[in-house]
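A short write-up of the structure that comes next.
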Amino acid sequence: MGKAGGTAKKAETEHTVTLTDNATGKSVDLPVHAATEGPSVIDIRTLYKETGMFTYDPGFTSTGSCESALTFIDGDEGVLLHRGYSIEELAEQSDFMEVSYLLVFGDLPNKEEKAKFVHDITYHSMVHEQMLNFFRGFRRDAHPMAIMVGVVGALSSFYHDSTDINDERQRMIASYRMIAKMPTIAAMAYKYSVGQPFIYPSNELDYAGNFLRMTFAVPAEDYEVNPILARAMDRILILHADHEQNASTSTVRLAGSSGANPFACIAAGIASLWGPAHGGANEAVLNMLEEIGHKDNIPEYLKRAKDKDDPFRLMGFGHRVYKNYDPRAAVLRESAHEVLEELGVKDTPLLELAMELEKIALEDAYFVEKKLFPNVDFYSGIILQAMGFPKSMFTVLFAVARTVGWISQWKEMIEDPVLKIGRPRQLYTGPERRKYVPLDKR
Ligand code: CMC
């Protein structure tokens with residue numbers, strides 16, 4: 001099924017598949033819808049009505065939860081496309097504002113469209129002054145992701161005029177506000193944790209440069225944004241912008257399907273991203289590399305990663321969808337060298353350890369057989385640490401970047417005529433109905 005530009009065309013039925021219950025001999029025909037790229041889907045919406053049975057798919061390994069025109073991944077080939085454009089081309093030639101526009105609106109902007117978008121995002125980057133007091137309620141040693149979940153959830157209490165999800169204009173304003181304010185909130189979370197004053201956004205700077213300044217500038221000194229670091233930051237943002245129906249995006253969609261306001265939905269997405277199996281892996285990778293310490297210790301950790309009785313996993317390795325090198329990791333691997341060189345970091349023990357670990361793991365039969373390759377989180381932490389970010393901020397940065405993906409997916413869902421509240425069913429294996437036993441008889 002083809003589609004014009006970046007706009008979606010509704011899926012068409014390609015053919016049908018027949019499902020036969022071998023116990024009763026009863027058959028049901030289910031339509032198959034063709035995708036623009038990648039696997040078709042079997043439409044099982046009538047299955048329960050027709051057969052009285054649900055499907056069972058813990059972890060959603062074979063379940064398409066929605067129709068989407070945003071992002072396509074070919075996990076076997078290591079391909080990632082946003083609205084049809086490859087992540088490599090976007091990372092090389094585009095910038096985060098352009099990619100954000102592409103995700104939100106479906107096509108790359110022309111000059112005027114881009115200038116207006118950048119202007120609109122820039123002018124939404126300040127947060128309500130009362131939010132400063134809200135921050136002050138947190139402990140100084142709070143994890144910045146905990147602060148993010150709380151503060152982003154609280155945005156709906158500050159911006160009442162953009163919480164009506166049925167009003168297209170309010171949806172748009174909420175989207176701009178989320179994309180614009182996330183770097184400000186993230187930088188504030190950092191500043192609060194190190195006991196430095198909050199730095200207001202500067203409308204002169206671009207998105208990435210502004211974020212670096214809000215994070216690292218102090219009022220007592222001039223701060224000049226290093227263009228190479230700003231470009232590297234921008235690239236990190238592009239690489240994390242969207243990734244199909246991953247756990248946090250599905251969380252945002254599920255929260256939004258009940259009609260919850262977008263700020264609350266994004267806060268739910270941040271909570272989901274925090275886990276070490278998802279966005280929390282970038283922090284976990286650095287912890288792991290520091291724990292491994294020296295390349296001589298790699299075999300011991302590889303052994304542990306392969307041991308089913310040991311919960312240790314090689315963080316930054318493996319992916320539900322990629323069974324090939326994560327294309328984002330390939331870009332970041334290059335970026336890591338550039339950034340470290342720019343910063344004049346001669347001694348790069350962590351990068352060297354990471355590359356050695358990657359080399360050994362990629363030759364190891366266990367990792368080869370299970371198709372476990374480095375993912376986006378494997379190299380990002382090394383770059384971020386070199387830039388001066390503490391480990392606790394790594395997942396926050398992921399959240400800043402992914403906000404545009406979450407918002408675009410949320411908007412797409414709200415605007416989809418087939419929107420229904422997300423309500424999975426289950427295979428019940430608890431006790432059968434039984435009689436209540438009064439306390440004195442138990
Ligand atoms: N180290 C050692 N073994 C692994 C690893 C790993 N990192 N990842 C998967 N395996 C093994 C796993 O034990 C299983 O073996 P078996 O078939 O013998 O039981 C097999 O590979 C398949 O793994 P799975 O857990 O069934 O696969 P999944 O699709 O449910 O999990 C994953 C994907 C990303 C959660 C997992 O690979 C993992 O935990 N990786 C480490 C955490 C990580 O780097 N997460 C970041 C993901 S990418 C960015 C993002 O989503 O935010």
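Every chain in the structure tokens takes a letter, A first, then B, and so on in the order presented; its residues are numbered from 1, and the ligands are numbered from 1 following the presented order.
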
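Contacts with ligand 1 are defined as any residue atom within 6 Å of a ligand atom, using only C-alpha atoms and all ligand atoms; the residues meeting this criterion are Ala277, His278, Gly279, Ala281, Ala305, Lys306, Arg313, Leu314, Met315, Gly316, Phe317, Gly318, His319, Arg320, Lys370, Asn375, Val376 and Asp377 of chain A.
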
- Mind the document's chain letters and residue numbers, and return as an NGL selection string the residues of range 170-327 of chain A that DSSP labels helix (DSSP H, G or I). :A and (170-194 or 207-216 or 227-239 or 247-257 or 262-273 or 281-292 or 295-306 or 327)

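Among the candidate residues A:Val400, A:Lys111, A:Ala230, A:Pro431, the one lying nearest to Glu342 in chain A is A:Ala230, with distances computed using only C-alpha atoms.
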
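Across the structure, CA of Gly405 in chain A and CA of Thr215 in chain A are spaced 22.7 Å apart.
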
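Of the residues listed (A:Val104, A:Leu427, A:Leu155, A:Leu132), A:Leu155 shows the shortest atom-to-atom separation from Pro262 in chain A; distances use only C-alpha atoms.
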
- Note on the structure: Counting only C-alpha atoms, the residue among A:Leu47, A:Ala241, A:Cys265, A:Leu286 that lies closest to Val99 in chain A is A:Ala241

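Put simply, CA of Thr122 in chain A is 20.5 Å away from CA of Lys191 in chain A.
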
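Each of A:Glu14, A:Phe367, A:Tyr301, A:Asp309 was checked against Asn324 in chain A using only C-alpha atoms; the smallest atom-to-atom distance is that of A:Phe367.
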
- Query: Leaving out Asp296 in chain A and any residue of its chain fewer than 6 positions from it, which residues lie within 12 Å of it when counting only C-alpha atoms, given as number ranges by chain?
  - Reply: A: 302, 353, 356-357, 360

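Reported to one decimal place, the separation of CA of Ala186 in chain A from CA of Tyr223 in chain A is 18.5 Å.
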
- Message: When you look at Met182 in chain A with a cut-off of 9 Å (counting only C-alpha atoms), what residues show up, excluding the ones that are within fewer than 2 positions of it in the same chain? I need them as number ranges by chain.
- Response: A: 125, 148, 152, 177-180, 184-187, 399-401, 403

Next, write the just-selected residues to a file, as a PDB file, in the first residue's frame, keeping N, CA and C atoms as the atom set.
ATOM      1  N   SER A 125       9.566  27.973  25.616  1.00  0.00           N
ATOM      2  CA  SER A 125      10.538  27.202  26.406  1.00  0.00           C
ATOM      3  C   SER A 125      10.599  27.588  27.888  1.00  0.00           C
ATOM      4  N   MET A 148      11.422  14.437  37.098  1.00  0.00           N
ATOM      5  CA  MET A 148      10.774  14.579  35.780  1.00  0.00           C
ATOM      6  C   MET A 148       9.354  14.034  35.804  1.00  0.00           C
ATOM      7  N   VAL A 152       6.606  16.920  35.217  1.00  0.00           N
ATOM      8  CA  VAL A 152       5.886  16.866  33.940  1.00  0.00           C
ATOM      9  C   VAL A 152       4.402  16.535  34.201  1.00  0.00           C
ATOM     10  N   ARG A 177       4.233  22.996  23.837  1.00  0.00           N
ATOM     11  CA  ARG A 177       4.697  23.239  25.212  1.00  0.00           C
ATOM     12  C   ARG A 177       5.560  22.080  25.694  1.00  0.00           C
ATOM     13  N   MET A 178       5.132  20.868  25.433  1.00  0.00           N
ATOM     14  CA  MET A 178       5.898  19.710  25.902  1.00  0.00           C
ATOM     15  C   MET A 178       7.286  19.683  25.270  1.00  0.00           C
ATOM     16  N   ILE A 179       7.325  19.832  23.931  1.00  0.00           N
ATOM     17  CA  ILE A 179       8.621  19.772  23.238  1.00  0.00           C
ATOM     18  C   ILE A 179       9.529  20.904  23.734  1.00  0.00           C
ATOM     19  N   ALA A 180       8.938  22.092  23.916  1.00  0.00           N
ATOM     20  CA  ALA A 180       9.723  23.271  24.281  1.00  0.00           C
ATOM     21  C   ALA A 180      10.193  23.245  25.734  1.00  0.00           C
ATOM     22  N   THR A 184      14.073  22.603  29.440  1.00  0.00           N
ATOM     23  CA  THR A 184      14.116  23.541  30.567  1.00  0.00           C
ATOM     24  C   THR A 184      13.910  22.783  31.875  1.00  0.00           C
ATOM     25  N   ILE A 185      12.918  21.895  31.876  1.00  0.00           N
ATOM     26  CA  ILE A 185      12.619  21.131  33.101  1.00  0.00           C
ATOM     27  C   ILE A 185      13.782  20.185  33.425  1.00  0.00           C
ATOM     28  N   ALA A 186      14.349  19.566  32.384  1.00  0.00           N
ATOM     29  CA  ALA A 186      15.465  18.631  32.597  1.00  0.00           C
ATOM     30  C   ALA A 186      16.669  19.371  33.178  1.00  0.00           C
ATOM     31  N   ALA A 187      16.972  20.542  32.610  1.00  0.00           N
ATOM     32  CA  ALA A 187      18.109  21.321  33.119  1.00  0.00           C
ATOM     33  C   ALA A 187      17.841  21.773  34.547  1.00  0.00           C
ATOM     34  N   ALA A 399      14.513  11.103  27.701  1.00  0.00           N
ATOM     35  CA  ALA A 399      13.120  11.565  27.829  1.00  0.00           C
ATOM     36  C   ALA A 399      12.904  12.891  27.094  1.00  0.00           C
ATOM     37  N   VAL A 400      13.911  13.779  27.158  1.00  0.00           N
ATOM     38  CA  VAL A 400      13.794  15.071  26.464  1.00  0.00           C
ATOM     39  C   VAL A 400      13.598  14.808  24.964  1.00  0.00           C
ATOM     40  N   ALA A 401      14.447  13.922  24.434  1.00  0.00           N
ATOM     41  CA  ALA A 401      14.389  13.636  22.999  1.00  0.00           C
ATOM     42  C   ALA A 401      13.111  12.896  22.617  1.00  0.00           C
ATOM     43  N   THR A 403      10.247  12.920  23.870  1.00  0.00           N
ATOM     44  CA  THR A 403       8.985  13.648  24.046  1.00  0.00           C
ATOM     45  C   THR A 403       8.313  13.944  22.708  1.00  0.00           C
TER      46      THR A 403
END

Sorted per-residue table, range 55-156 of chain A near range 410-420 of chain A, closest atoms and distance, 10 Å, only C-alpha atoms, as CSV:
residue,atom,partner,partner_atom,distance
A:Cys66,CA,A:Met413,CA,8.2
A:Glu67,CA,A:Met413,CA,8.6
A:Ser68,CA,A:Glu412,CA,7.4
A:Ala69,CA,A:Glu412,CA,8.5
A:Leu70,CA,A:Glu412,CA,8.7
A:Val104,CA,A:Lys411,CA,8.1
A:Phe105,CA,A:Glu412,CA,9.8

Dump N, CA and C atoms for the selected residues as a PDB file, in the first residue's frame?
ATOM      1  N   CYS A  66      -1.626  -0.734  17.079  1.00  0.00           N
ATOM      2  CA  CYS A  66      -2.243   0.420  16.414  1.00  0.00           C
ATOM      3  C   CYS A  66      -1.751   0.504  14.980  1.00  0.00           C
ATOM      4  N   GLU A  67      -2.394   1.425  14.241  1.00  0.00           N
ATOM      5  CA  GLU A  67      -1.898   1.743  12.908  1.00  0.00           C
ATOM      6  C   GLU A  67      -1.121   3.045  13.050  1.00  0.00           C
ATOM      7  N   SER A  68       0.076   3.120  12.486  1.00  0.00           N
ATOM      8  CA  SER A  68       0.874   4.334  12.651  1.00  0.00           C
ATOM      9  C   SER A  68       1.662   4.645  11.391  1.00  0.00           C
ATOM     10  N   ALA A  69       1.783   5.930  11.079  1.00  0.00           N
ATOM     11  CA  ALA A  69       2.538   6.358   9.887  1.00  0.00           C
ATOM     12  C   ALA A  69       3.825   7.069  10.267  1.00  0.00           C
ATOM     13  N   LEU A  70       4.250   6.905  11.520  1.00  0.00           N
ATOM     14  CA  LEU A  70       5.401   7.669  12.001  1.00  0.00           C
ATOM     15  C   LEU A  70       6.747   6.999  11.728  1.00  0.00           C
ATOM     16  N   VAL A 104       5.905  15.365  13.940  1.00  0.00           N
ATOM     17  CA  VAL A 104       4.606  15.937  14.323  1.00  0.00           C
ATOM     18  C   VAL A 104       3.696  16.105  13.103  1.00  0.00           C
ATOM     19  N   PHE A 105       4.256  16.640  11.991  1.00  0.00           N
ATOM     20  CA  PHE A 105       3.395  17.015  10.853  1.00  0.00           C
ATOM     21  C   PHE A 105       3.444  16.052   9.672  1.00  0.00           C
TER      22      PHE A 105
END

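Of the listed residues A:Met97, A:Val149, A:Val368, A:Leu239, the one whose atoms come nearest to Val118 in chain A is A:Met97, with distances taken using only C-alpha atoms.
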
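The residue that comes closest to Phe72 in chain A, out of A:Glu369, A:Glu37, A:Asp167, A:Glu291 and on the basis of only C-alpha atoms, is A:Glu37.
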
Contact check, range 179-256 of chain A to range 333-338 of chain A, at most 9 Å, counting only C-alpha atoms, closest pairs as a tab-separated table:
residue	atom	partner	partner_atom	distance
A:Ile228	CA	A:Glu338	CA	8.6
A:Ala232	CA	A:Ser335	CA	6.8
A:Arg235	CA	A:Ser335	CA	8.5
A:Ile236	CA	A:Ser335	CA	8.9

- Neighbours of Leu103 in chain A within 9 Å (only C-alpha atoms; same-chain residues fewer than 2 positions away dropped), as a ChimeraX atom specification? /A:6,70-71,82-83,98-101,105-108,241-242,404-405,408-409

Go ahead and save the residues from that selection, with N, CA and C atoms, as a PDB file, in the first residue's frame.
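Final output, saved to out.pdb:
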ATOM      1  N   GLY A   6       4.167  12.261   3.773  1.00  0.00           N
ATOM      2  CA  GLY A   6       4.281  11.630   5.084  1.00  0.00           C
ATOM      3  C   GLY A   6       2.946  11.291   5.673  1.00  0.00           C
ATOM      4  N   LEU A  70       4.250   6.905  11.520  1.00  0.00           N
ATOM      5  CA  LEU A  70       5.401   7.669  12.001  1.00  0.00           C
ATOM      6  C   LEU A  70       6.747   6.999  11.728  1.00  0.00           C
ATOM      7  N   THR A  71       6.916   5.816  12.288  1.00  0.00           N
ATOM      8  CA  THR A  71       8.253   5.211  12.312  1.00  0.00           C
ATOM      9  C   THR A  71       8.186   3.766  11.861  1.00  0.00           C
ATOM     10  N   HIS A  82      12.010   7.361   9.830  1.00  0.00           N
ATOM     11  CA  HIS A  82      10.978   8.257  10.347  1.00  0.00           C
ATOM     12  C   HIS A  82      10.270   8.879   9.150  1.00  0.00           C
ATOM     13  N   ARG A  83       8.974   8.611   9.047  1.00  0.00           N
ATOM     14  CA  ARG A  83       8.171   9.125   7.920  1.00  0.00           C
ATOM     15  C   ARG A  83       8.868   8.806   6.593  1.00  0.00           C
ATOM     16  N   GLU A  98      13.973  20.025  12.842  1.00  0.00           N
ATOM     17  CA  GLU A  98      13.409  19.558  11.582  1.00  0.00           C
ATOM     18  C   GLU A  98      12.788  18.165  11.753  1.00  0.00           C
ATOM     19  N   VAL A  99      13.528  17.314  12.481  1.00  0.00           N
ATOM     20  CA  VAL A  99      13.027  15.949  12.712  1.00  0.00           C
ATOM     21  C   VAL A  99      11.741  16.009  13.565  1.00  0.00           C
ATOM     22  N   SER A 100      11.707  16.943  14.506  1.00  0.00           N
ATOM     23  CA  SER A 100      10.511  17.095  15.330  1.00  0.00           C
ATOM     24  C   SER A 100       9.321  17.488  14.455  1.00  0.00           C
ATOM     25  N   TYR A 101       9.547  18.455  13.561  1.00  0.00           N
ATOM     26  CA  TYR A 101       8.489  18.888  12.648  1.00  0.00           C
ATOM     27  C   TYR A 101       8.024  17.708  11.795  1.00  0.00           C
ATOM     28  N   PHE A 105       4.256  16.640  11.991  1.00  0.00           N
ATOM     29  CA  PHE A 105       3.395  17.015  10.853  1.00  0.00           C
ATOM     30  C   PHE A 105       3.444  16.052   9.672  1.00  0.00           C
ATOM     31  N   GLY A 106       4.426  15.161   9.613  1.00  0.00           N
ATOM     32  CA  GLY A 106       4.402  14.151   8.552  1.00  0.00           C
ATOM     33  C   GLY A 106       5.350  14.398   7.406  1.00  0.00           C
ATOM     34  N   ASP A 107       5.810  15.628   7.218  1.00  0.00           N
ATOM     35  CA  ASP A 107       6.751  15.925   6.132  1.00  0.00           C
ATOM     36  C   ASP A 107       7.823  16.883   6.616  1.00  0.00           C
ATOM     37  N   LEU A 108       8.942  16.925   5.892  1.00  0.00           N
ATOM     38  CA  LEU A 108       9.983  17.896   6.241  1.00  0.00           C
ATOM     39  C   LEU A 108       9.447  19.300   5.975  1.00  0.00           C
ATOM     40  N   ALA A 241      14.588  10.319  19.073  1.00  0.00           N
ATOM     41  CA  ALA A 241      13.314  11.040  18.935  1.00  0.00           C
ATOM     42  C   ALA A 241      12.073  10.139  18.912  1.00  0.00           C
ATOM     43  N   ASP A 242      12.149   9.013  18.234  1.00  0.00           N
ATOM     44  CA  ASP A 242      10.970   8.134  18.200  1.00  0.00           C
ATOM     45  C   ASP A 242      11.436   6.725  17.902  1.00  0.00           C
ATOM     46  N   VAL A 404       9.094  14.301  21.706  1.00  0.00           N
ATOM     47  CA  VAL A 404       8.472  14.608  20.410  1.00  0.00           C
ATOM     48  C   VAL A 404       7.838  13.347  19.806  1.00  0.00           C
ATOM     49  N   GLY A 405       8.486  12.204  20.015  1.00  0.00           N
ATOM     50  CA  GLY A 405       7.901  10.944  19.536  1.00  0.00           C
ATOM     51  C   GLY A 405       6.620  10.630  20.288  1.00  0.00           C
ATOM     52  N   SER A 408       3.885  13.013  19.171  1.00  0.00           N
ATOM     53  CA  SER A 408       3.415  12.734  17.804  1.00  0.00           C
ATOM     54  C   SER A 408       2.546  11.482  17.787  1.00  0.00           C
ATOM     55  N   GLN A 409       2.961  10.479  18.551  1.00  0.00           N
ATOM     56  CA  GLN A 409       2.189   9.228  18.594  1.00  0.00           C
ATOM     57  C   GLN A 409       0.855   9.471  19.300  1.00  0.00           C
TER      58      GLN A 409
END

- Item | Test item: residues at most 10 Å from Val218 in chain A, only C-alpha atoms, excluding those fewer than 5 positions along its chain, as JSON, numbers by chain | {"A": [191, 196, 197, 198, 199, 213, 223]}

- Which neighbours of Asn203 in chain A fall inside 10 Å, counting only C-alpha atoms, when residues of the same chain fewer than 6 positions from it are skipped, and could you give them as number ranges by chain? A: 119, 121-126, 210

Go ahead and dump the residues you just picked, N, CA, C and O atoms, as a compact mmCIF listing (two decimals), in the first residue's frame.
# COMPACT_ATOMS: atom_id res chain seq x y z
N HIS A 119 10.58 29.14 15.89
CA HIS A 119 10.15 30.32 16.66
C HIS A 119 9.10 29.91 17.71
O HIS A 119 9.21 30.26 18.88
N ILE A 121 8.43 26.97 19.05
CA ILE A 121 9.00 26.12 20.11
C ILE A 121 9.84 26.99 21.05
O ILE A 121 9.69 26.93 22.28
N THR A 122 10.69 27.83 20.46
CA THR A 122 11.58 28.68 21.27
C THR A 122 10.75 29.52 22.26
O THR A 122 11.10 29.64 23.43
N TYR A 123 9.65 30.08 21.77
CA TYR A 123 8.88 30.99 22.63
C TYR A 123 7.97 30.26 23.63
O TYR A 123 7.24 30.89 24.37
N HIS A 124 8.04 28.97 23.65
CA HIS A 124 7.32 28.22 24.69
C HIS A 124 8.28 27.59 25.69
O HIS A 124 7.87 26.76 26.50
N SER A 125 9.57 27.97 25.62
CA SER A 125 10.54 27.20 26.41
C SER A 125 10.60 27.59 27.89
O SER A 125 11.10 26.82 28.70
N MET A 126 10.09 28.76 28.25
CA MET A 126 10.08 29.11 29.68
C MET A 126 8.99 28.33 30.39
O MET A 126 7.97 27.99 29.80
N ASN A 210 20.77 25.66 23.68
CA ASN A 210 20.02 26.21 24.81
C ASN A 210 20.00 25.23 25.98
O ASN A 210 20.19 25.62 27.14
